[in-house]
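Here's the structure we're looking at; comments come further down.
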Amino acid sequence: MVTGTASLLFNPFYTTSLIEKSFVQIFNAKNAGISFMEYLKNDNLLPGGVPLVMIAIPGGTFNMGSNESCEEKPIHTVTIQPFYLGEYPVTQEQYQVIMGENPSHYKGKRHPVQNVNWEKAMEFCDKLSQKTGKKYRLPSEAEWEYACRAGTQTKYHFGDDEKQLENYAWYDSNSKSKTHPVGEKNPNRFELYDMHGNVWEWCSDIYHENYNSAPTDGSSWETPTKDKYRVRRGGSWSNYAVYCRSADRNGYSAGNSGSLIGFRVALDFT
């Protein structure tokens with residue numbers, strides 16, 4: 001199994017020379033007659049030729065959570081299987097070609113889509129799956145944090161120095177109270193952009209007030225609670241730096257939307 005360490009970083013959409021060989025071998029064993037690069041090419045365009053770049057995230061084990069707040073405790077070990085995650089939050093252009101509408105307040109093709117509640121995000125995944133023949137979904141909360149950290153255990157994926165956040169995120173101090181086009185700030189070590197700031201991102205999980213009894217296999221936590229809240233991650237253009245941390249989390253009603261909330265999609269490695 002491929003483990004997730006900084007030495008195994010690669011982006012198969014841009015080059016074949018950096019692809020970890022065992023990752024490709026796993027794919028080929030499950031998909032006889034379909035080459036790895038053919039699979040990536042077929043999955044890289046939406047209707048109308050709109051690109052949707054998915055980054056291959058190697059599997060591994062990490063410590064999820066932090067001691068910063070009660071809802072981030074207890075820190076626990078989680079094992080993640082290899083999967084794909086969108087290079088960026090879903091953009092307004094991508095959302096438009098799949099859903100036929102653009103509910104965003106701050107308009108722009110490459111701006112992240114906003115005003116999308118959890119239910120609409122799930123509907124987008126379903127429609128995208130129907131059009132492409134691949135099973136797109138929202139990432140689990142564990143997958144999201146693992147992908148954001150990219151092998152780190154610091155407050156942010158670049159370290160602990162809050163002053164550096166302006167190089168990686170649009171947030172309260174530099175956003176001028178609006179979203180910005182995706183990919184304008186530096187990526188993390190997995191080549192994922194906007195994991196901190198710009199818009200909050202929906203995860204698939206039901207929100208729980210802490211990690212007691214949370215899954216340790218990276219799956220979505222679906223144990224019912226009294227509130228119909230789902231998890232959102234990453235902070236937004238309107239939030240202070242502390243809410244953009246890798247471990248920060250909160251719950252929000254699945255039926256509510258707003259100008260702070262978007263999402264990015266995941267895809268199983270099958």
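Residues are referred to by chain and number: the chain letter is A, B, ... according to the order shown in the structure tokens, the number counts from 1 in that chain, and ligands are numbered separately from 1 in the order shown.
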
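Using only C-alpha atoms, the residues found no farther than 9 Å from Asp248 (chain A), other than those of its own chain fewer than 5 positions away, are Gly65, Ser66, Glu68, Ser69, Glu71, Glu72, Arg233, Gly234, Gly235, Val242 and Tyr243 of chain A.
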
Write out as a compact mmCIF listing (two decimals) with all heavy atoms, in the first residue's frame each polymer residue whose atoms come within 10 Å of region 166-177 of chain A, counting only C-alpha atoms; drop sequence neighbours fewer than 3 positions from it.
```txt
# COMPACT_ATOMS: atom_id res chain seq x y z
N TYR A 156 -1.06 25.09 10.32
CA TYR A 156 -1.40 25.25 8.91
C TYR A 156 -0.52 24.31 8.11
O TYR A 156 0.50 23.83 8.61
CB TYR A 156 -1.16 26.70 8.47
CG TYR A 156 -1.87 27.71 9.34
CD1 TYR A 156 -1.20 28.32 10.41
CD2 TYR A 156 -3.20 28.06 9.12
CE1 TYR A 156 -1.84 29.24 11.23
CE2 TYR A 156 -3.85 28.98 9.93
CZ TYR A 156 -3.17 29.57 10.99
OH TYR A 156 -3.81 30.47 11.81
N HIS A 157 -0.85 24.05 6.87
CA HIS A 157 -0.05 23.09 6.11
C HIS A 157 1.34 23.60 5.78
O HIS A 157 2.20 22.84 5.35
CB HIS A 157 -0.79 22.64 4.85
CG HIS A 157 -1.13 23.72 3.85
ND1 HIS A 157 -0.17 24.49 3.22
CD2 HIS A 157 -2.32 24.13 3.38
CE1 HIS A 157 -0.76 25.32 2.39
NE2 HIS A 157 -2.07 25.15 2.46
N PHE A 158 1.59 24.90 6.03
CA PHE A 158 2.92 25.47 5.78
C PHE A 158 3.70 25.67 7.07
O PHE A 158 4.87 26.06 7.03
CB PHE A 158 2.77 26.82 5.06
CG PHE A 158 1.86 27.79 5.76
CD1 PHE A 158 2.30 28.55 6.82
CD2 PHE A 158 0.54 27.91 5.36
CE1 PHE A 158 1.46 29.43 7.48
CE2 PHE A 158 -0.32 28.79 6.00
CZ PHE A 158 0.14 29.55 7.07
N GLU A 162 1.36 32.26 11.72
CA GLU A 162 0.14 32.85 11.17
C GLU A 162 0.43 33.96 10.17
O GLU A 162 -0.35 34.20 9.24
CB GLU A 162 -0.71 33.38 12.33
CG GLU A 162 -2.04 33.98 11.93
CD GLU A 162 -2.81 34.48 13.12
OE1 GLU A 162 -3.01 33.70 14.07
OE2 GLU A 162 -3.19 35.66 13.12
N LYS A 163 1.55 34.62 10.32
CA LYS A 163 1.89 35.73 9.42
C LYS A 163 2.09 35.27 7.98
O LYS A 163 1.99 36.07 7.05
CB LYS A 163 3.15 36.45 9.93
CG LYS A 163 2.96 37.15 11.26
CD LYS A 163 4.23 37.82 11.72
CE LYS A 163 4.05 38.51 13.06
NZ LYS A 163 5.31 39.14 13.54
N HIS A 180 -12.00 35.18 -4.17
CA HIS A 180 -11.02 35.45 -5.22
C HIS A 180 -10.89 34.21 -6.11
O HIS A 180 -11.24 33.11 -5.70
CB HIS A 180 -9.66 35.78 -4.59
CG HIS A 180 -9.65 37.11 -3.89
ND1 HIS A 180 -9.17 38.25 -4.47
CD2 HIS A 180 -10.10 37.47 -2.66
CE1 HIS A 180 -9.30 39.26 -3.62
NE2 HIS A 180 -9.87 38.80 -2.51
N PRO A 181 -10.41 34.38 -7.34
CA PRO A 181 -10.23 33.22 -8.22
C PRO A 181 -9.38 32.14 -7.55
O PRO A 181 -8.43 32.46 -6.82
CB PRO A 181 -9.52 33.81 -9.44
CG PRO A 181 -9.95 35.24 -9.47
CD PRO A 181 -10.05 35.65 -8.02
N VAL A 182 -9.71 30.90 -7.79
CA VAL A 182 -8.96 29.79 -7.20
C VAL A 182 -7.54 29.74 -7.76
O VAL A 182 -7.28 30.19 -8.87
CB VAL A 182 -9.67 28.44 -7.45
CG1 VAL A 182 -11.03 28.43 -6.80
CG2 VAL A 182 -9.78 28.15 -8.95
N GLY A 183 -6.63 29.23 -6.96
CA GLY A 183 -5.27 28.99 -7.44
C GLY A 183 -4.35 30.20 -7.46
O GLY A 183 -3.25 30.10 -7.99
N GLU A 184 -4.76 31.31 -6.86
CA GLU A 184 -3.91 32.50 -6.88
C GLU A 184 -2.89 32.51 -5.75
O GLU A 184 -1.91 33.25 -5.80
CB GLU A 184 -4.76 33.77 -6.81
CG GLU A 184 -5.54 34.05 -8.08
CD GLU A 184 -6.13 35.44 -8.10
OE1 GLU A 184 -6.29 36.05 -7.02
OE2 GLU A 184 -6.41 35.93 -9.21
N LYS A 185 -3.11 31.71 -4.72
CA LYS A 185 -2.18 31.61 -3.61
C LYS A 185 -1.36 30.33 -3.73
O LYS A 185 -1.62 29.48 -4.58
CB LYS A 185 -2.95 31.62 -2.28
CG LYS A 185 -3.65 32.95 -1.99
CD LYS A 185 -2.67 34.09 -1.83
CE LYS A 185 -3.35 35.37 -1.42
NZ LYS A 185 -2.37 36.48 -1.17
N ASN A 186 -0.36 30.18 -2.88
CA ASN A 186 0.50 28.99 -2.94
C ASN A 186 -0.26 27.73 -2.53
O ASN A 186 -1.11 27.77 -1.64
CB ASN A 186 1.70 29.16 -2.01
CG ASN A 186 2.64 30.27 -2.47
OD1 ASN A 186 2.72 30.58 -3.65
ND2 ASN A 186 3.35 30.87 -1.53
N PRO A 187 0.07 26.59 -3.16
CA PRO A 187 -0.58 25.33 -2.79
C PRO A 187 0.12 24.67 -1.61
O PRO A 187 1.19 25.10 -1.18
CB PRO A 187 -0.40 24.49 -4.06
CG PRO A 187 0.94 24.94 -4.58
CD PRO A 187 0.99 26.43 -4.29
N ASN A 188 -0.47 23.59 -1.10
CA ASN A 188 0.22 22.79 -0.10
C ASN A 188 1.12 21.77 -0.80
O ASN A 188 1.27 21.78 -2.02
CB ASN A 188 -0.76 22.13 0.89
CG ASN A 188 -1.60 21.03 0.26
OD1 ASN A 188 -1.42 20.63 -0.89
ND2 ASN A 188 -2.53 20.51 1.03
N TYR A 193 -4.83 23.70 -3.82
CA TYR A 193 -4.92 25.14 -3.60
C TYR A 193 -6.16 25.49 -2.76
O TYR A 193 -7.17 24.79 -2.80
CB TYR A 193 -5.02 25.88 -4.93
CG TYR A 193 -3.78 25.81 -5.78
CD1 TYR A 193 -3.52 24.70 -6.57
CD2 TYR A 193 -2.87 26.87 -5.80
CE1 TYR A 193 -2.38 24.63 -7.37
CE2 TYR A 193 -1.72 26.81 -6.60
CZ TYR A 193 -1.48 25.69 -7.38
OH TYR A 193 -0.36 25.61 -8.17
N ASP A 194 -6.06 26.60 -2.04
CA ASP A 194 -7.20 27.17 -1.32
C ASP A 194 -7.77 26.23 -0.26
O ASP A 194 -8.96 26.31 0.06
CB ASP A 194 -8.30 27.59 -2.30
CG ASP A 194 -7.85 28.66 -3.27
OD1 ASP A 194 -7.68 29.81 -2.83
OD2 ASP A 194 -7.65 28.34 -4.46
N MET A 195 -6.94 25.37 0.31
CA MET A 195 -7.41 24.55 1.42
C MET A 195 -7.62 25.42 2.66
O MET A 195 -8.47 25.10 3.51
CB MET A 195 -6.42 23.42 1.72
CG MET A 195 -6.27 22.39 0.61
SD MET A 195 -7.78 21.47 0.25
CE MET A 195 -7.91 20.37 1.66
N HIS A 196 -6.88 26.49 2.78
CA HIS A 196 -7.11 27.49 3.82
C HIS A 196 -7.82 28.68 3.17
O HIS A 196 -7.38 29.22 2.15
CB HIS A 196 -5.80 27.98 4.42
CG HIS A 196 -4.97 26.92 5.08
ND1 HIS A 196 -5.48 25.99 5.95
CD2 HIS A 196 -3.63 26.66 5.01
CE1 HIS A 196 -4.51 25.21 6.39
NE2 HIS A 196 -3.38 25.58 5.83
N GLY A 197 -8.94 29.11 3.74
CA GLY A 197 -9.60 30.33 3.29
C GLY A 197 -10.36 30.24 1.98
O GLY A 197 -10.62 29.17 1.47
N ASN A 198 -10.72 31.39 1.46
CA ASN A 198 -11.56 31.60 0.27
C ASN A 198 -13.00 31.20 0.54
O ASN A 198 -13.86 32.07 0.67
CB ASN A 198 -10.99 30.91 -0.97
CG ASN A 198 -11.15 31.76 -2.23
OD1 ASN A 198 -11.82 32.79 -2.22
ND2 ASN A 198 -10.52 31.34 -3.32
N VAL A 199 -13.33 29.92 0.61
CA VAL A 199 -14.67 29.50 1.06
C VAL A 199 -14.55 28.29 1.97
O VAL A 199 -13.64 27.47 1.82
CB VAL A 199 -15.60 29.14 -0.13
CG1 VAL A 199 -16.02 30.37 -0.91
CG2 VAL A 199 -14.98 28.08 -1.05
N GLY A 234 -11.95 24.55 6.66
CA GLY A 234 -11.03 25.39 5.91
C GLY A 234 -11.10 26.88 6.12
O GLY A 234 -10.19 27.60 5.71
N GLY A 235 -12.19 27.39 6.69
CA GLY A 235 -12.31 28.84 6.83
C GLY A 235 -12.69 29.51 5.52
O GLY A 235 -12.82 28.86 4.48
N SER A 236 -12.85 30.83 5.56
CA SER A 236 -13.31 31.55 4.36
C SER A 236 -12.68 32.92 4.27
O SER A 236 -11.90 33.33 5.13
CB SER A 236 -14.83 31.70 4.39
OG SER A 236 -15.20 32.75 5.28
N TRP A 237 -13.08 33.64 3.23
CA TRP A 237 -12.59 35.01 3.00
C TRP A 237 -12.96 35.95 4.14
O TRP A 237 -12.34 37.01 4.30
CB TRP A 237 -13.16 35.55 1.69
CG TRP A 237 -14.67 35.53 1.61
CD1 TRP A 237 -15.45 34.54 1.08
CD2 TRP A 237 -15.57 36.53 2.08
NE1 TRP A 237 -16.78 34.85 1.19
CE2 TRP A 237 -16.89 36.08 1.80
CE3 TRP A 237 -15.41 37.77 2.70
CZ2 TRP A 237 -18.03 36.81 2.12
CZ3 TRP A 237 -16.55 38.50 3.04
CH2 TRP A 237 -17.84 38.03 2.74
N SER A 238 -13.94 35.59 4.95
CA SER A 238 -14.44 36.47 6.01
C SER A 238 -13.93 36.10 7.39
O SER A 238 -14.21 36.81 8.35
CB SER A 238 -15.97 36.45 6.00
OG SER A 238 -16.51 37.29 7.00
N ASN A 239 -13.16 35.04 7.50
CA ASN A 239 -12.78 34.52 8.82
C ASN A 239 -11.37 34.92 9.24
O ASN A 239 -10.49 35.11 8.41
CB ASN A 239 -12.89 33.00 8.85
CG ASN A 239 -14.31 32.52 8.74
OD1 ASN A 239 -14.70 31.93 7.74
ND2 ASN A 239 -15.12 32.77 9.77
N TYR A 240 -11.18 34.99 10.56
CA TYR A 240 -9.86 35.21 11.12
C TYR A 240 -8.98 33.99 10.85
O TYR A 240 -9.47 32.89 10.59
CB TYR A 240 -9.93 35.46 12.62
CG TYR A 240 -10.70 36.69 13.02
CD1 TYR A 240 -11.66 36.63 14.03
CD2 TYR A 240 -10.47 37.91 12.40
CE1 TYR A 240 -12.37 37.76 14.42
CE2 TYR A 240 -11.16 39.06 12.78
CZ TYR A 240 -12.12 38.98 13.77
OH TYR A 240 -12.82 40.09 14.13
N ALA A 241 -7.68 34.17 10.96
CA ALA A 241 -6.72 33.12 10.66
C ALA A 241 -6.95 31.86 11.48
O ALA A 241 -6.79 30.74 10.98
CB ALA A 241 -5.29 33.63 10.89
N TYR A 243 -9.54 30.37 12.30
CA TYR A 243 -10.58 29.51 11.74
C TYR A 243 -10.15 28.86 10.42
O TYR A 243 -10.89 28.04 9.86
CB TYR A 243 -11.86 30.29 11.53
CG TYR A 243 -12.45 30.82 12.82
CD1 TYR A 243 -12.39 32.17 13.13
CD2 TYR A 243 -13.03 29.95 13.74
CE1 TYR A 243 -12.92 32.66 14.32
CE2 TYR A 243 -13.55 30.42 14.94
CZ TYR A 243 -13.49 31.78 15.22
OH TYR A 243 -14.00 32.25 16.41
N CYS A 244 -8.98 29.20 9.94
CA CYS A 244 -8.44 28.60 8.71
C CYS A 244 -7.46 27.48 8.99
O CYS A 244 -6.90 26.91 8.05
CB CYS A 244 -7.76 29.68 7.86
SG CYS A 244 -8.85 31.01 7.29
```

Could you make a table, as a tab-separated table, of the residues of region 170-214 of chain A that have an atom within 12 Å of an atom of region 76-80 of chain A, each with its nearest atom pair and distance in Å to one decimal, counting only C-alpha atoms, in chain and number order?
```
residue	atom	partner	partner_atom	distance
A:Asn210	CA	A:His76	CA	11.2
A:Tyr211	CA	A:His76	CA	8.0
A:Asn212	CA	A:His76	CA	9.2
A:Ser213	CA	A:His76	CA	9.9
A:Ala214	CA	A:His76	CA	8.7
```

Surrounding residues of region 81-89 of chain A excluding itself and chain neighbours under 6 positions, 7 Å, only C-alpha atoms, as a ChimeraX atom specification:
/A:53-60,112,182-183,192-194,262-269

Surrounding residues of region 123-131 of chain A excluding itself and chain neighbours under 5 positions, 7 Å, only C-alpha atoms, as an MDAnalysis selection string
chainID A and resid 98:99 136:137

Serialized selection, N, CA, C and O atoms, as a PDB file, in the first residue's frame:
```
ATOM      1  N   ILE A  98     -22.647  21.856 -14.922  1.00  0.00           N
ATOM      2  CA  ILE A  98     -23.280  20.655 -14.383  1.00  0.00           C
ATOM      3  C   ILE A  98     -24.704  20.944 -13.898  1.00  0.00           C
ATOM      4  O   ILE A  98     -25.632  20.168 -14.159  1.00  0.00           O
ATOM      5  N   MET A  99     -24.895  22.065 -13.216  1.00  0.00           N
ATOM      6  CA  MET A  99     -26.182  22.352 -12.586  1.00  0.00           C
ATOM      7  C   MET A  99     -27.064  23.306 -13.389  1.00  0.00           C
ATOM      8  O   MET A  99     -28.257  23.439 -13.115  1.00  0.00           O
ATOM      9  N   TYR A 136     -18.296  10.535  -8.211  1.00  0.00           N
ATOM     10  CA  TYR A 136     -17.811  11.679  -7.442  1.00  0.00           C
ATOM     11  C   TYR A 136     -18.606  11.806  -6.144  1.00  0.00           C
ATOM     12  O   TYR A 136     -19.770  11.400  -6.065  1.00  0.00           O
ATOM     13  N   ARG A 137     -17.965  12.416  -5.152  1.00  0.00           N
ATOM     14  CA  ARG A 137     -18.585  12.556  -3.838  1.00  0.00           C
ATOM     15  C   ARG A 137     -17.917  13.695  -3.090  1.00  0.00           C
ATOM     16  O   ARG A 137     -16.920  14.272  -3.563  1.00  0.00           O
TER      17      ARG A 137
END
```

Residue with smallest distance to Gly251 (chain A) - pool A:Tyr95, A:Trp221, A:Tyr106, A:Tyr207, counting only C-alpha atoms
A:Tyr207

CA of Arg245 (chain A) and CA of Asp161 (chain A), how far apart in Å?
11.0 Å

Just the number, please: distance in Å from CA of Thr152 (chain A) to CA of Phe62 (chain A), one decimal.
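CA of Phe62 (chain A) lies 8.8 Å from CA of Thr152 (chain A).
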
Measure the distance from CA of Glu145 (chain A) to CA of Glu209 (chain A) in Å and round it to one decimal.
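These two atoms are separated by 16.5 Å.
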
Shell around Ala142 (chain A) at 8 Å using only C-alpha atoms, local window under 4 positions removed, as a PyMOL selection string:
chain A and resi 64+78+80+146+218-220

Keeping N, CA, C and O atoms, export the residues of the selection given above as a JSON list (two decimals), in the first residue's frame.
```json
[["chain", "number", "residue", "atom", "x", "y", "z"],
["A", 64, "MET", "N", -5.22, 12.97, 13.58],
["A", 64, "MET", "CA", -6.28, 13.92, 13.26],
["A", 64, "MET", "C", -6.70, 14.68, 14.51],
["A", 64, "MET", "O", -6.82, 14.13, 15.59],
["A", 78, "VAL", "N", -5.77, 8.07, 12.32],
["A", 78, "VAL", "CA", -6.69, 7.69, 11.24],
["A", 78, "VAL", "C", -5.87, 7.18, 10.05],
["A", 78, "VAL", "O", -4.82, 7.76, 9.72],
["A", 80, "ILE", "N", -5.92, 6.51, 6.00],
["A", 80, "ILE", "CA", -6.61, 6.96, 4.79],
["A", 80, "ILE", "C", -6.17, 6.11, 3.60],
["A", 80, "ILE", "O", -4.97, 5.85, 3.41],
["A", 146, "TYR", "N", -6.56, 15.24, 6.23],
["A", 146, "TYR", "CA", -5.35, 14.56, 5.76],
["A", 146, "TYR", "C", -4.79, 15.24, 4.52],
["A", 146, "TYR", "O", -3.58, 15.49, 4.42],
["A", 218, "GLY", "N", -11.00, 6.60, 8.02],
["A", 218, "GLY", "CA", -11.15, 7.64, 7.01],
["A", 218, "GLY", "C", -12.54, 7.77, 6.42],
["A", 218, "GLY", "O", -12.77, 8.62, 5.56],
["A", 219, "SER", "N", -13.47, 6.95, 6.87],
["A", 219, "SER", "CA", -14.82, 6.97, 6.32],
["A", 219, "SER", "C", -15.63, 8.14, 6.88],
["A", 219, "SER", "O", -15.27, 8.74, 7.91],
["A", 220, "SER", "N", -16.73, 8.45, 6.21],
["A", 220, "SER", "CA", -17.62, 9.51, 6.65],
["A", 220, "SER", "C", -18.35, 9.08, 7.93],
["A", 220, "SER", "O", -18.86, 7.96, 8.01]]
```

Taking only C-alpha atoms into account, name the residue in A:Glu141, A:Asp217, A:Glu93, A:Asp205 that is nearest to Leu46 (chain A).
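Looking at the shortest contact to Leu46 (chain A), the residue is A:Glu93.
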